[in-house]
Each structure stands twice: as structure tokens, then as C-alpha cells.
>>> print(open('final_5.cif').read())   # mmCIF, C-alpha atoms
data_start
#
loop_
_atom_site.label_atom_id
_atom_site.label_comp_id
_atom_site.auth_asym_id
_atom_site.auth_seq_id
_atom_site.Cartn_x
_atom_site.Cartn_y
_atom_site.Cartn_z
CA MET A 1 -64.20 41.51 7.86
CA LEU A 2 -61.79 39.27 5.93
CA TYR A 3 -60.61 36.32 8.01
CA ILE A 4 -57.41 34.69 6.71
CA VAL A 5 -57.38 31.32 8.43
CA GLY A 6 -54.49 28.85 8.57
CA LEU A 7 -55.57 25.21 8.23
CA GLY A 8 -52.38 23.47 9.38
CA LEU A 9 -50.82 20.61 7.44
CA GLY A 10 -52.76 17.38 7.87
CA ASP A 11 -56.48 17.23 7.19
CA GLU A 12 -59.68 19.14 7.94
CA ARG A 13 -59.27 18.50 11.71
CA ASP A 14 -56.07 20.55 11.95
CA ILE A 15 -57.89 23.88 11.94
CA THR A 16 -57.71 25.67 15.32
CA VAL A 17 -60.81 26.16 17.48
CA ARG A 18 -60.52 29.92 16.92
CA GLY A 19 -60.25 29.36 13.16
CA LEU A 20 -63.27 27.05 13.11
CA ASP A 21 -65.35 29.59 15.06
CA ALA A 22 -64.44 32.28 12.52
CA VAL A 23 -65.26 30.09 9.51
CA ARG A 24 -68.65 29.16 10.91
CA ARG A 25 -69.49 32.87 11.37
CA CYS A 26 -68.67 33.74 7.75
CA ALA A 27 -71.16 34.29 4.95
CA LYS A 28 -68.72 33.04 2.30
CA VAL A 29 -65.67 30.76 2.47
CA TYR A 30 -62.84 30.52 -0.07
CA MET A 31 -59.96 28.05 0.01
CA GLU A 32 -56.60 28.82 -1.58
CA ALA A 33 -55.38 25.87 -3.62
CA TYR A 34 -52.08 26.59 -5.33
CA THR A 35 -49.30 27.41 -2.84
CA SER A 36 -49.95 24.19 -0.89
CA LEU A 37 -52.52 21.44 -0.36
CA LEU A 38 -53.77 19.50 2.63
CA SER A 39 -52.73 15.85 2.60
CA LEU A 40 -56.29 14.90 1.62
CA GLY A 41 -55.94 16.73 -1.71
CA LEU A 42 -58.65 18.56 -3.64
CA ASP A 43 -60.87 15.84 -5.07
CA PRO A 44 -64.65 16.28 -4.54
CA SER A 45 -64.81 13.84 -1.62
CA ALA A 46 -61.98 15.70 0.16
CA LEU A 47 -63.74 19.02 -0.29
CA SER A 48 -66.93 17.41 0.97
CA ASN A 49 -65.09 16.41 4.18
CA LEU A 50 -63.97 20.00 4.68
CA GLU A 51 -67.48 21.35 4.07
CA LYS A 52 -69.00 18.81 6.45
CA MET A 53 -66.51 19.64 9.21
CA TYR A 54 -66.76 23.40 8.80
CA GLY A 55 -70.51 23.50 8.08
CA LYS A 56 -69.97 25.78 5.07
CA GLU A 57 -69.85 25.55 1.28
CA ILE A 58 -66.28 26.18 0.12
CA THR A 59 -65.24 27.91 -3.11
CA VAL A 60 -61.81 26.75 -4.32
CA ALA A 61 -59.67 29.77 -5.21
CA ASP A 62 -56.91 29.12 -7.76
CA ARG A 63 -53.90 31.36 -8.45
CA GLU A 64 -55.70 33.18 -11.25
CA MET A 65 -58.60 34.14 -9.01
CA VAL A 66 -56.52 35.28 -6.04
CA GLU A 67 -53.93 37.22 -8.02
CA GLU A 68 -56.21 38.68 -10.71
CA ARG A 69 -59.74 38.79 -9.30
CA ALA A 70 -59.23 39.19 -5.54
CA ASP A 71 -61.09 42.51 -5.54
CA GLN A 72 -64.38 40.62 -5.92
CA MET A 73 -63.69 38.69 -2.70
CA LEU A 74 -62.56 41.87 -0.93
CA ARG A 75 -65.72 43.73 -1.97
CA GLU A 76 -67.73 40.90 -0.42
CA ALA A 77 -65.64 41.22 2.76
CA ALA A 78 -66.46 44.93 2.94
CA ASP A 79 -70.14 44.08 3.53
CA ALA A 80 -70.00 40.68 5.28
CA ASP A 81 -67.64 38.27 7.03
CA VAL A 82 -65.60 36.30 4.48
CA ALA A 83 -63.05 33.55 5.22
CA PHE A 84 -60.00 32.81 3.09
CA LEU A 85 -58.55 29.41 4.08
CA VAL A 86 -54.83 28.81 3.63
CA VAL A 87 -53.02 25.49 4.09
CA GLY A 88 -50.32 25.84 6.72
CA ASP A 89 -49.98 29.39 8.05
CA PRO A 90 -51.45 32.44 6.27
CA PHE A 91 -48.08 34.11 5.79
CA GLY A 92 -46.26 31.14 4.29
CA ALA A 93 -46.63 32.69 0.80
CA THR A 94 -46.13 36.25 -0.44
CA THR A 95 -49.47 36.20 -2.29
CA HIS A 96 -51.28 36.31 1.04
CA THR A 97 -49.27 39.32 2.21
CA ASP A 98 -50.33 41.05 -1.00
CA LEU A 99 -53.95 40.15 -0.23
CA VAL A 100 -53.71 41.85 3.18
CA VAL A 101 -52.21 44.98 1.59
CA ARG A 102 -55.01 45.12 -1.00
CA ALA A 103 -57.67 44.62 1.66
CA LYS A 104 -56.30 47.40 3.86
CA ASN A 105 -56.04 49.75 0.87
CA MET A 106 -59.75 49.10 0.22
CA GLY A 107 -60.60 49.78 3.85
CA VAL A 108 -61.48 46.14 4.60
CA GLU A 109 -60.69 44.97 8.12
CA VAL A 110 -58.47 41.85 8.25
CA LYS A 111 -58.06 39.27 11.01
CA VAL A 112 -55.37 36.58 10.70
CA ILE A 113 -55.66 33.24 12.51
CA HIS A 114 -52.36 31.35 12.55
CA ASN A 115 -51.57 27.63 12.39
CA ALA A 116 -48.64 25.24 11.92
CA SER A 117 -46.69 25.44 8.67
CA VAL A 118 -43.80 23.61 7.03
CA MET A 119 -41.53 26.37 8.36
CA ASN A 120 -41.88 25.17 11.96
CA ALA A 121 -43.24 21.62 11.63
CA VAL A 122 -40.06 20.61 9.78
CA GLY A 123 -38.39 20.63 13.20
CA VAL A 124 -39.72 17.07 13.57
CA CYS A 125 -36.79 15.81 11.49
CA GLY A 126 -34.45 16.69 14.37
CA LEU A 127 -32.65 19.76 13.04
CA GLN A 128 -32.94 22.83 15.27
CA LEU A 129 -35.02 25.58 13.68
CA TYR A 130 -32.65 28.41 14.58
CA ARG A 131 -29.85 26.63 12.68
CA TYR A 132 -31.56 27.10 9.30
CA GLY A 133 -30.46 29.69 6.75
CA GLU A 134 -32.48 31.18 3.91
CA THR A 135 -35.30 28.98 2.62
CA ILE A 136 -35.32 28.31 -1.13
CA SER A 137 -37.88 27.19 -3.71
CA ILE A 138 -37.01 24.71 -6.46
CA PRO A 139 -39.18 24.99 -9.60
CA PHE A 140 -39.71 22.28 -12.20
CA PHE A 141 -37.14 22.52 -15.00
CA THR A 142 -38.37 22.61 -18.60
CA GLU A 143 -36.46 22.12 -21.84
CA THR A 144 -36.01 25.88 -22.20
CA TRP A 145 -36.14 27.11 -18.58
CA ARG A 146 -33.74 25.78 -15.97
CA PRO A 147 -33.40 28.48 -13.30
CA ASP A 148 -30.65 28.13 -10.71
CA SER A 149 -30.84 31.38 -8.74
CA PHE A 150 -31.25 29.28 -5.57
CA TYR A 151 -27.67 27.99 -5.93
CA GLU A 152 -25.96 31.02 -4.32
CA LYS A 153 -28.42 30.90 -1.40
CA ILE A 154 -27.53 27.25 -0.71
CA GLN A 155 -23.86 28.12 -1.05
CA ASN A 156 -24.17 30.99 1.45
CA ASN A 157 -26.07 28.79 3.93
CA ARG A 158 -23.45 26.06 3.65
CA ARG A 159 -20.64 28.58 4.11
CA LEU A 160 -22.26 29.63 7.39
CA GLY A 161 -22.84 26.02 8.44
CA LEU A 162 -26.64 26.43 8.23
CA HIS A 163 -29.30 24.00 7.02
CA THR A 164 -31.32 24.80 3.88
CA LEU A 165 -35.04 24.07 3.64
CA CYS A 166 -36.02 23.49 0.02
CA LEU A 167 -39.70 23.98 -0.83
CA LEU A 168 -40.62 21.99 -3.92
CA ASP A 169 -42.73 23.12 -6.85
CA ILE A 170 -46.50 22.67 -6.99
CA ARG A 171 -48.24 23.26 -10.30
CA VAL A 172 -52.02 23.37 -10.00
CA LYS A 173 -54.14 24.85 -12.81
CA GLU A 174 -51.16 26.28 -14.67
CA PRO A 175 -51.86 27.29 -18.32
CA THR A 176 -49.70 25.68 -21.00
CA LEU A 177 -47.29 27.96 -22.87
CA GLU A 178 -48.88 26.97 -26.19
CA SER A 179 -52.37 27.95 -24.98
CA LEU A 180 -51.11 31.33 -23.73
CA CYS A 181 -49.64 32.02 -27.17
CA ARG A 182 -53.01 31.22 -28.75
CA GLY A 183 -54.87 33.42 -26.29
CA LYS A 184 -57.13 30.67 -24.96
CA LYS A 185 -56.03 29.03 -21.72
CA VAL A 186 -55.64 25.26 -21.53
CA TYR A 187 -54.35 23.98 -18.22
CA GLU A 188 -51.62 21.44 -17.47
CA PRO A 189 -52.53 18.45 -15.29
CA PRO A 190 -51.51 19.04 -11.63
CA ARG A 191 -47.89 18.21 -10.82
CA PHE A 192 -46.09 18.02 -7.49
CA MET A 193 -42.30 17.85 -7.31
CA SER A 194 -40.85 14.84 -5.52
CA VAL A 195 -37.71 14.74 -3.39
CA ASN A 196 -36.13 12.60 -6.11
CA THR A 197 -36.74 15.17 -8.86
CA ALA A 198 -35.48 17.98 -6.63
CA ILE A 199 -32.21 16.15 -5.93
CA SER A 200 -31.75 15.29 -9.60
CA GLN A 201 -32.14 18.96 -10.54
CA LEU A 202 -29.87 20.11 -7.72
CA LEU A 203 -27.10 17.75 -8.85
CA GLU A 204 -27.49 18.98 -12.43
CA VAL A 205 -27.05 22.58 -11.27
CA GLU A 206 -23.99 21.70 -9.16
CA GLU A 207 -22.39 19.99 -12.16
CA LEU A 208 -22.95 23.11 -14.28
CA ARG A 209 -21.92 25.65 -11.63
CA GLY A 210 -19.08 23.66 -10.06
CA GLY A 211 -19.01 25.73 -6.86
CA SER A 212 -18.97 22.72 -4.50
CA ALA A 213 -22.03 24.00 -2.64
CA TYR A 214 -23.11 20.37 -2.24
CA GLY A 215 -22.63 17.05 -4.01
CA ALA A 216 -23.87 13.47 -4.38
CA ASP A 217 -22.49 12.63 -0.91
CA SER A 218 -24.03 15.64 0.86
CA LEU A 219 -26.31 14.69 3.75
CA CYS A 220 -29.96 15.57 3.14
CA ILE A 221 -33.33 14.80 4.70
CA GLY A 222 -36.34 14.10 2.51
CA VAL A 223 -39.76 14.72 4.05
CA ALA A 224 -43.14 13.68 2.63
CA ARG A 225 -46.68 14.56 3.82
CA LEU A 226 -45.41 16.56 6.79
CA GLY A 227 -47.96 16.74 9.58
CA SER A 228 -50.08 13.81 8.40
CA ASP A 229 -50.39 10.36 9.99
CA ASP A 230 -48.31 8.76 7.23
CA GLN A 231 -45.53 11.35 7.05
CA LYS A 232 -42.20 9.95 5.89
CA ILE A 233 -38.74 11.22 6.86
CA VAL A 234 -35.56 9.70 5.41
CA ALA A 235 -32.00 11.00 5.86
CA GLY A 236 -28.97 10.07 3.80
CA PRO A 237 -26.60 11.24 1.08
CA MET A 238 -28.23 12.78 -2.00
CA LYS A 239 -27.24 9.85 -4.21
CA LYS A 240 -29.02 7.35 -1.92
CA LEU A 241 -32.18 9.43 -1.49
CA LEU A 242 -32.55 9.46 -5.28
CA ASP A 243 -33.80 5.87 -5.10
CA VAL A 244 -36.16 6.21 -2.12
CA ASP A 245 -39.90 6.01 -2.79
CA PHE A 246 -41.32 8.88 -0.73
CA GLY A 247 -44.88 8.19 -1.86
CA PRO A 248 -47.61 10.76 -2.56
CA PRO A 249 -47.08 14.54 -2.21
CA LEU A 250 -46.37 16.99 -0.75
CA HIS A 251 -42.58 16.70 -0.38
CA CYS A 252 -39.81 18.98 0.87
CA LEU A 253 -36.04 18.57 1.20
CA ILE A 254 -33.45 19.74 3.72
CA ILE A 255 -29.78 20.09 2.83
CA VAL A 256 -28.02 19.55 6.16
CA GLY A 257 -25.38 22.03 7.32
CA GLU A 258 -23.08 21.67 10.34
CA THR A 259 -24.76 19.60 13.04
CA HIS A 260 -24.99 19.68 16.83
CA PRO A 261 -24.56 16.31 18.63
CA VAL A 262 -28.26 16.29 19.59
CA GLU A 263 -29.20 16.88 15.95
CA GLU A 264 -26.94 13.98 14.94
CA GLU A 265 -28.70 11.67 17.39
CA MET A 266 -32.09 12.61 15.94
CA ILE A 267 -30.92 12.26 12.32
CA GLU A 268 -29.69 8.75 13.11
CA PHE A 269 -33.30 7.63 13.69
CA HIS A 270 -34.12 8.66 10.10
CA MET A 271 -30.97 7.40 8.36
CA ILE A 272 -31.68 5.40 5.22
CA ASN A 273 -30.23 2.21 6.72
CA SER A 274 -32.38 2.59 9.87
CA VAL A 275 -35.83 3.22 8.36
#
>>> encode(input="final_5.cif", output="C-alpha cells")
Amino acid sequence: MLYIVGLGLGDERDITVRGLDAVRRCAKVYMEAYTSLLSLGLDPSALSNLEKMYGKEITVADREMVEERADQMLREAADADVAFLVVGDPFGATTHTDLVVRAKNMGVEVKVIHNASVMNAVGVCGLQLYRYGETISIPFFTETWRPDSFYEKIQNNRRLGLHTLCLLDIRVKEPTLESLCRGKKVYEPPRFMSVNTAISQLLEVEELRGGSAYGADSLCIGVARLGSDDQKIVAGPMKKLLDVDFGPPLHCLIIVGETHPVEEEMIEFHMINSV
């Protein structure tokens, strides 16, 4: 059996009782570490806390392992109980859907144990979840690669009066372009996009596209370390959020659409002049 277990958003204590029971039954435990991270990060002491709480040794699974060598884990799950731990909810990333498909094609039984994710916990900022449009991802720009395919999605959401949740790039164990060209992988240091970088890139795209999807005065909400004790939520126009120190990762951003009076009351608690 392959157990895909959601860990929630905060720390090792956010796992559900059902998830913890499953992990403790498993012969081997893997933890996915590239679509998201718990607020405690992935340093050795943080992993030690997880192992102590769960009573199991944990193997960190990077993108390369899950996307290229998942069959090894699935073969293990064919003969024993194996847990694959995912920050947030198991189906917050398409990679994990692919893992389920591969497992079923190999005849491996799969059990999914859900948990909180950014997709529902973001309701804490005061915007009603059913008033969100399509969620977008914002990748880090490079000198030669500045994708803006998310622009039309924001534009469509705004046209419909809907809020846009922007998930910000996480780069963990990503090979450098130069090393790929040489055929020997050298990895970039980990990077986590901040609200400030996301807004800067968004404004650059708006200037180039000129479709008035949003602008420097558009109301946004920046969120940092959602679900942890020190989470930070600040609302205000894009140009003002640019200067806010949101602190350590992980961050996300909401571009606010049309608002209900109750939403407006909640946003007021987080306005930049109130926090």
C-alpha cells in the first residue's frame, strides 16, 4: 500500500491523527520537498523533529527522485506499506496526481489522507473562497526567460470580479543551466520567491502587456508562512506592499477582485496602515 499523507502547513504537529497512524505503520517513509515546505524548513534539526514525532526515519524526496525514479518507491509499496509525505494536501500539485496514476498502473493500492493546504487556509485573509477565480503560479524571471502566460488568467479573473491566488516559485535542488549543458548536474542554492519579487515581476508584465489587468494601485494581500504561529498578512496597493518586509518564506499573494462588504471589513484588519 502507498499512503500519500498530507502534513498541513505549520510544523510536524499539523499531521492528522489518521495520517500519523498510517506513517507509524509504514516500513519506509519519504517526504516530498520541492512543491512546498513546512515552516520549519529542511535543515537536519527540522528533519530530526519530524522523525522524532513520527517515530520513523524519513528519506527526503526531491523533484528528480519523484519525477524520474518514482518506480523504485512504487515497487517497495507493492510489497510493504510505504508513506509519501506531502506538505499541505496531497493533491495540491500535479506531480502527486501523476504518482497515483503510476501506482495504479503498476497495481499498487493507494490511500490518500488529506490535510489543510494553501488553497483553503488562505481564507484566513478574509476573502471568501468561492469568490476566487483560476489560481496562477509565478516563476522566477531570468535574463533570458520571462514567462507571462499567467497574465490572461489574471485578466479573466478581474473581468469576472474574482480574486486571484498567486502561488510563488520555490526552487529547491534545481540544476544550473550551465551544468546541464556540460552533462554533470550542479545545483542552485534554494530560492523562495517573496511577495515583493512577485509584485515587481507582475508590474513589469503589466507595463509590457498594457492590458490594464492590474496596476500599482491595485489592492492585494500578501501572506507569509500561512498556517504557522508567526504568519503575516498585509493588505494594500501593490506599490505599498513592495516595501513591506514579509520575513522568511513561504509567501503567496492575492490580487483582490470585487469585494463583498464582509470581505471589506476583514481586509481592513490587515490594511498596511492598520498592521
>>> residues_around(input="final_5.cif", residues="Arg18 of chain A", least_positions_apart="4", cutoff="10 Å", atoms="all atoms listed in the file", output="ChimeraX atom specification")
/A:5,22-23,113-114
>>> resolve_selection(input="final_5.cif", expression="the PyMOL selection byres ((chain A and resi 213) around 10)", output="PyMOL selection string")
chain A and resi 151-159+206+209-212+214-215+218
>>> closest_residue(input="final_5.cif", among="A:Gln72, A:Thr59, A:Asn196, A:Asn120", to="Gly88 of chain A", atoms="all atoms listed in the file")
A:Asn120
>>> atom_distance(input="final_5.cif", atom1="atom CA of Leu219 of chain A", atom2="atom CA of Gln201 of chain A")
16.0 Å
>>> closest_residue(input="final_5.cif", among="A:Pro237, A:Pro190, A:Gly161, A:Pro90", to="Val110 of chain A", atoms="all atoms listed in the file")
A:Pro90
>>> closest_residue(input="final_5.cif", among="A:Ile4, A:Leu50, A:Val60, A:Trp145", to="Thr97 of chain A", atoms="all atoms listed in the file")
A:Ile4
>>> resolve_selection(input="final_5.cif", expression="the PyMOL selection byres ((chain A and resi 131) around 9)", output="list in words")
Leu127, Gln128, Leu129, Tyr130, Tyr132, Gly133, Gly161, Leu162, His163, Gly257, Glu258 and Thr259 of chain A
>>> atom_distance(input="final_5.cif", atom1="atom CA of Met31 of chain A", atom2="atom CA of Asn115 of chain A")
15.0 Å
>>> residues_around(input="final_5.cif", residues="Ala198 of chain A", least_positions_apart="2", cutoff="9 Å", atoms="only C-alpha atoms", output="list of chain:residue names")
A:Ile138, A:Pro139, A:Phe140, A:Cys166, A:Leu168, A:Asp169, A:Met193, A:Ser194, A:Val195, A:Asn196, A:Ser200, A:Gln201, A:Leu202, A:Leu203, A:Cys252, A:Leu253
